[in-house]
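Below is one structure, written out as structure tokens, with a few remarks after it.
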Amino acid sequence: MTRQLIIRYALIGALALPPRLQAEPQHCVRAEIVLWGDGRHDDSAALNAWFRGADAIWAENGEPVGESIAGHSFRLSAAVYVPGGTGRRLEDFRMLWPERGETVAGGTIRSGTDPDAAPVITGVSITGGDPGEGVPFEAPDPAPAGRDKEASCATS
């Protein structure tokens, strides 16, 4: 019996990887939020994240977007929500939902700095939208996003 245990432990020891060959722990970086703003690529998720206050970069050159966007066109496939209080400003823009035949364009959307105040919309035209589009409404505070440090790691 003792001899069998010794043989088993010897096999396990021989098959176990030495510490220098074991996989290193993954140190993943946060995935970038990338905006195109060219009217051809779907910017739905990125524009919503930016309006929520997340940092974003421009796809064309990798430069930070900052707190203000002017003169860009966004192709979208989902609703865009502008919460108050994030300090974001969008002006001289065009949002296009080709599948719905809706276009929102023009002036300025400012989220302001007060999270309890509604965003300010001026000089914006909506064509092809449903009644009530572009009208501020009360919504519950979103639940904090759970952090999954493995979520942005490459997998195969």
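Residues are referred to by chain and number: the chain letter is A, B, ... according to the order shown in the structure tokens, the number counts from 1 in that chain, and ligands are numbered separately from 1 in the order shown.
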Please provide the set of residues having any atom within 12 Å of Ala54 of chain A, restricted to only C-alpha atoms, with same-chain residues fewer than 3 positions apart removed, written as a PDB file with N, CA, C and O atoms, in the first residue's frame.
ATOM      1  N   ARG A  30      -9.047  47.746 -19.176  1.00  0.00           N
ATOM      2  CA  ARG A  30     -10.431  48.058 -19.469  1.00  0.00           C
ATOM      3  C   ARG A  30     -10.600  48.256 -20.970  1.00  0.00           C
ATOM      4  O   ARG A  30      -9.785  48.900 -21.612  1.00  0.00           O
ATOM      5  N   ALA A  31     -11.661  47.704 -21.513  1.00  0.00           N
ATOM      6  CA  ALA A  31     -11.933  47.868 -22.937  1.00  0.00           C
ATOM      7  C   ALA A  31     -12.273  49.330 -23.211  1.00  0.00           C
ATOM      8  O   ALA A  31     -12.974  49.968 -22.432  1.00  0.00           O
ATOM      9  N   GLU A  32     -11.773  49.846 -24.305  1.00  0.00           N
ATOM     10  CA  GLU A  32     -12.030  51.227 -24.678  1.00  0.00           C
ATOM     11  C   GLU A  32     -13.440  51.381 -25.230  1.00  0.00           C
ATOM     12  O   GLU A  32     -13.972  50.491 -25.880  1.00  0.00           O
ATOM     13  N   ILE A  33     -14.023  52.538 -24.980  1.00  0.00           N
ATOM     14  CA  ILE A  33     -15.285  52.910 -25.605  1.00  0.00           C
ATOM     15  C   ILE A  33     -14.912  53.740 -26.817  1.00  0.00           C
ATOM     16  O   ILE A  33     -14.252  54.768 -26.698  1.00  0.00           O
ATOM     17  N   VAL A  34     -15.309  53.257 -27.988  1.00  0.00           N
ATOM     18  CA  VAL A  34     -14.877  53.868 -29.239  1.00  0.00           C
ATOM     19  C   VAL A  34     -16.081  54.434 -29.982  1.00  0.00           C
ATOM     20  O   VAL A  34     -17.038  53.721 -30.267  1.00  0.00           O
ATOM     21  N   LEU A  35     -16.000  55.724 -30.302  1.00  0.00           N
ATOM     22  CA  LEU A  35     -17.035  56.391 -31.091  1.00  0.00           C
ATOM     23  C   LEU A  35     -16.524  56.620 -32.503  1.00  0.00           C
ATOM     24  O   LEU A  35     -15.377  57.024 -32.689  1.00  0.00           O
ATOM     25  N   ALA A  45     -24.118  51.848 -28.492  1.00  0.00           N
ATOM     26  CA  ALA A  45     -23.573  51.531 -27.160  1.00  0.00           C
ATOM     27  C   ALA A  45     -22.556  52.573 -26.718  1.00  0.00           C
ATOM     28  O   ALA A  45     -22.569  53.016 -25.558  1.00  0.00           O
ATOM     29  N   ALA A  46     -21.684  52.972 -27.616  1.00  0.00           N
ATOM     30  CA  ALA A  46     -20.635  53.933 -27.256  1.00  0.00           C
ATOM     31  C   ALA A  46     -21.216  55.306 -26.923  1.00  0.00           C
ATOM     32  O   ALA A  46     -20.780  55.963 -25.974  1.00  0.00           O
ATOM     33  N   LEU A  47     -22.198  55.772 -27.693  1.00  0.00           N
ATOM     34  CA  LEU A  47     -22.786  57.086 -27.427  1.00  0.00           C
ATOM     35  C   LEU A  47     -23.545  57.078 -26.107  1.00  0.00           C
ATOM     36  O   LEU A  47     -23.458  58.034 -25.326  1.00  0.00           O
ATOM     37  N   ASN A  48     -24.272  55.993 -25.822  1.00  0.00           N
ATOM     38  CA  ASN A  48     -24.950  55.887 -24.526  1.00  0.00           C
ATOM     39  C   ASN A  48     -23.943  55.895 -23.378  1.00  0.00           C
ATOM     40  O   ASN A  48     -24.155  56.555 -22.361  1.00  0.00           O
ATOM     41  N   ALA A  49     -22.858  55.162 -23.523  1.00  0.00           N
ATOM     42  CA  ALA A  49     -21.822  55.135 -22.472  1.00  0.00           C
ATOM     43  C   ALA A  49     -21.224  56.524 -22.284  1.00  0.00           C
ATOM     44  O   ALA A  49     -21.004  56.972 -21.150  1.00  0.00           O
ATOM     45  N   TRP A  50     -20.952  57.211 -23.383  1.00  0.00           N
ATOM     46  CA  TRP A  50     -20.387  58.565 -23.303  1.00  0.00           C
ATOM     47  C   TRP A  50     -21.356  59.510 -22.596  1.00  0.00           C
ATOM     48  O   TRP A  50     -20.957  60.275 -21.721  1.00  0.00           O
ATOM     49  N   PHE A  51     -22.638  59.457 -22.947  1.00  0.00           N
ATOM     50  CA  PHE A  51     -23.629  60.307 -22.285  1.00  0.00           C
ATOM     51  C   PHE A  51     -23.737  59.985 -20.800  1.00  0.00           C
ATOM     52  O   PHE A  51     -24.047  60.855 -19.994  1.00  0.00           O
ATOM     53  N   ILE A  57     -12.928  57.279 -26.877  1.00  0.00           N
ATOM     54  CA  ILE A  57     -11.940  57.753 -27.847  1.00  0.00           C
ATOM     55  C   ILE A  57     -12.575  57.733 -29.234  1.00  0.00           C
ATOM     56  O   ILE A  57     -13.541  57.015 -29.477  1.00  0.00           O
ATOM     57  N   PRO A  64      -8.940  61.275 -27.311  1.00  0.00           N
ATOM     58  CA  PRO A  64     -10.066  61.304 -26.371  1.00  0.00           C
ATOM     59  C   PRO A  64     -11.203  62.171 -26.915  1.00  0.00           C
ATOM     60  O   PRO A  64     -10.955  63.210 -27.534  1.00  0.00           O
ATOM     61  N   VAL A  65     -12.433  61.748 -26.661  1.00  0.00           N
ATOM     62  CA  VAL A  65     -13.598  62.503 -27.116  1.00  0.00           C
ATOM     63  C   VAL A  65     -13.789  63.763 -26.278  1.00  0.00           C
ATOM     64  O   VAL A  65     -14.107  64.820 -26.798  1.00  0.00           O
ATOM     65  N   GLY A  66     -13.598  63.656 -24.980  1.00  0.00           N
ATOM     66  CA  GLY A  66     -13.807  64.810 -24.100  1.00  0.00           C
ATOM     67  C   GLY A  66     -15.261  64.937 -23.691  1.00  0.00           C
ATOM     68  O   GLY A  66     -16.068  64.034 -23.888  1.00  0.00           O
ATOM     69  N   GLU A  67     -15.618  66.098 -23.130  1.00  0.00           N
ATOM     70  CA  GLU A  67     -16.967  66.310 -22.612  1.00  0.00           C
ATOM     71  C   GLU A  67     -17.920  66.906 -23.636  1.00  0.00           C
ATOM     72  O   GLU A  67     -19.112  67.019 -23.383  1.00  0.00           O
ATOM     73  N   THR A  86     -24.069  64.640 -16.084  1.00  0.00           N
ATOM     74  CA  THR A  86     -22.784  64.062 -16.502  1.00  0.00           C
ATOM     75  C   THR A  86     -21.863  65.087 -17.166  1.00  0.00           C
ATOM     76  O   THR A  86     -20.738  64.765 -17.502  1.00  0.00           O
ATOM     77  N   GLY A  87     -22.360  66.299 -17.386  1.00  0.00           N
ATOM     78  CA  GLY A  87     -21.526  67.345 -17.972  1.00  0.00           C
ATOM     79  C   GLY A  87     -21.249  67.170 -19.457  1.00  0.00           C
ATOM     80  O   GLY A  87     -20.296  67.743 -19.982  1.00  0.00           O
ATOM     81  N   ARG A  88     -22.068  66.411 -20.158  1.00  0.00           N
ATOM     82  CA  ARG A  88     -21.851  66.167 -21.590  1.00  0.00           C
ATOM     83  C   ARG A  88     -22.618  67.182 -22.429  1.00  0.00           C
ATOM     84  O   ARG A  88     -23.693  67.660 -22.049  1.00  0.00           O
ATOM     85  N   ALA A 145     -22.934  49.336 -12.370  1.00  0.00           N
ATOM     86  CA  ALA A 145     -22.451  48.241 -13.214  1.00  0.00           C
ATOM     87  C   ALA A 145     -21.505  47.368 -12.408  1.00  0.00           C
ATOM     88  O   ALA A 145     -20.635  47.853 -11.702  1.00  0.00           O
TER      89      ALA A 145
END
Might you pull out every residue within 10 Å of Ser44 of chain A, with only C-alpha atoms counted and same-chain residues fewer than 4 positions away left off, and present them as a PyMOL selection string? chain A and resi 35+48-49+74-81+95+97
Any chance you could list, as a PyMOL selection string, the residues in segment 15-105 of chain A that come up helix (DSSP H, G or I) when DSSP is run on the backbone? chain A and resi 15+19-21+44-51
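We find atom CA of His41 of chain A and atom CA of Ser73 of chain A to be spaced 9.8 Å apart.
If you measure from each of A:Thr122, A:Gly39, A:Thr103, A:Ile109 to Ala70 of chain A using only C-alpha atoms, the closest one turns out to be A:Ile109.
Take the candidates A:His72, A:Ile121, A:Gly129, A:Gly37 and check each one against Arg100 of chain A using only C-alpha atoms; the shortest distance goes to A:Gly129.
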Separation of atom CA of Asn61 of chain A from atom CA of Thr113 of chain A, in Å and rounded to one decimal: 28.4 Å
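Note that the spacing between atom CA of Ala105 of chain A and atom CA of Asp55 of chain A amounts to 23.3 Å.
Between Gly71 of chain A and the candidates A:Gly101, A:Asp38, A:Arg52, A:Pro83, the tightest atom-to-atom separation, counting only C-alpha atoms, involves A:Asp38.
For segment 41-105 of chain A, a DSSP pass over the backbone yields strand (DSSP E or B) at A:His41, A:Asp42, A:Ile57, A:Trp58, A:Pro64, A:Ser68, A:Ile69, A:Ala70, A:Ser73, A:Phe74, A:Arg75, A:Arg89, A:Leu90, A:Glu91, A:Asp92, A:Phe93, A:Arg94, A:Met95, A:Leu96, A:Trp97, A:Glu102, A:Thr103, A:Val104, A:Ala105.
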For Gly123 of chain A: contacts at 12 Å, only C-alpha atoms, fewer than 4 positions along chain excluded, given as a VMD selection string: chain A and resid 90 to 93 104 to 110 134
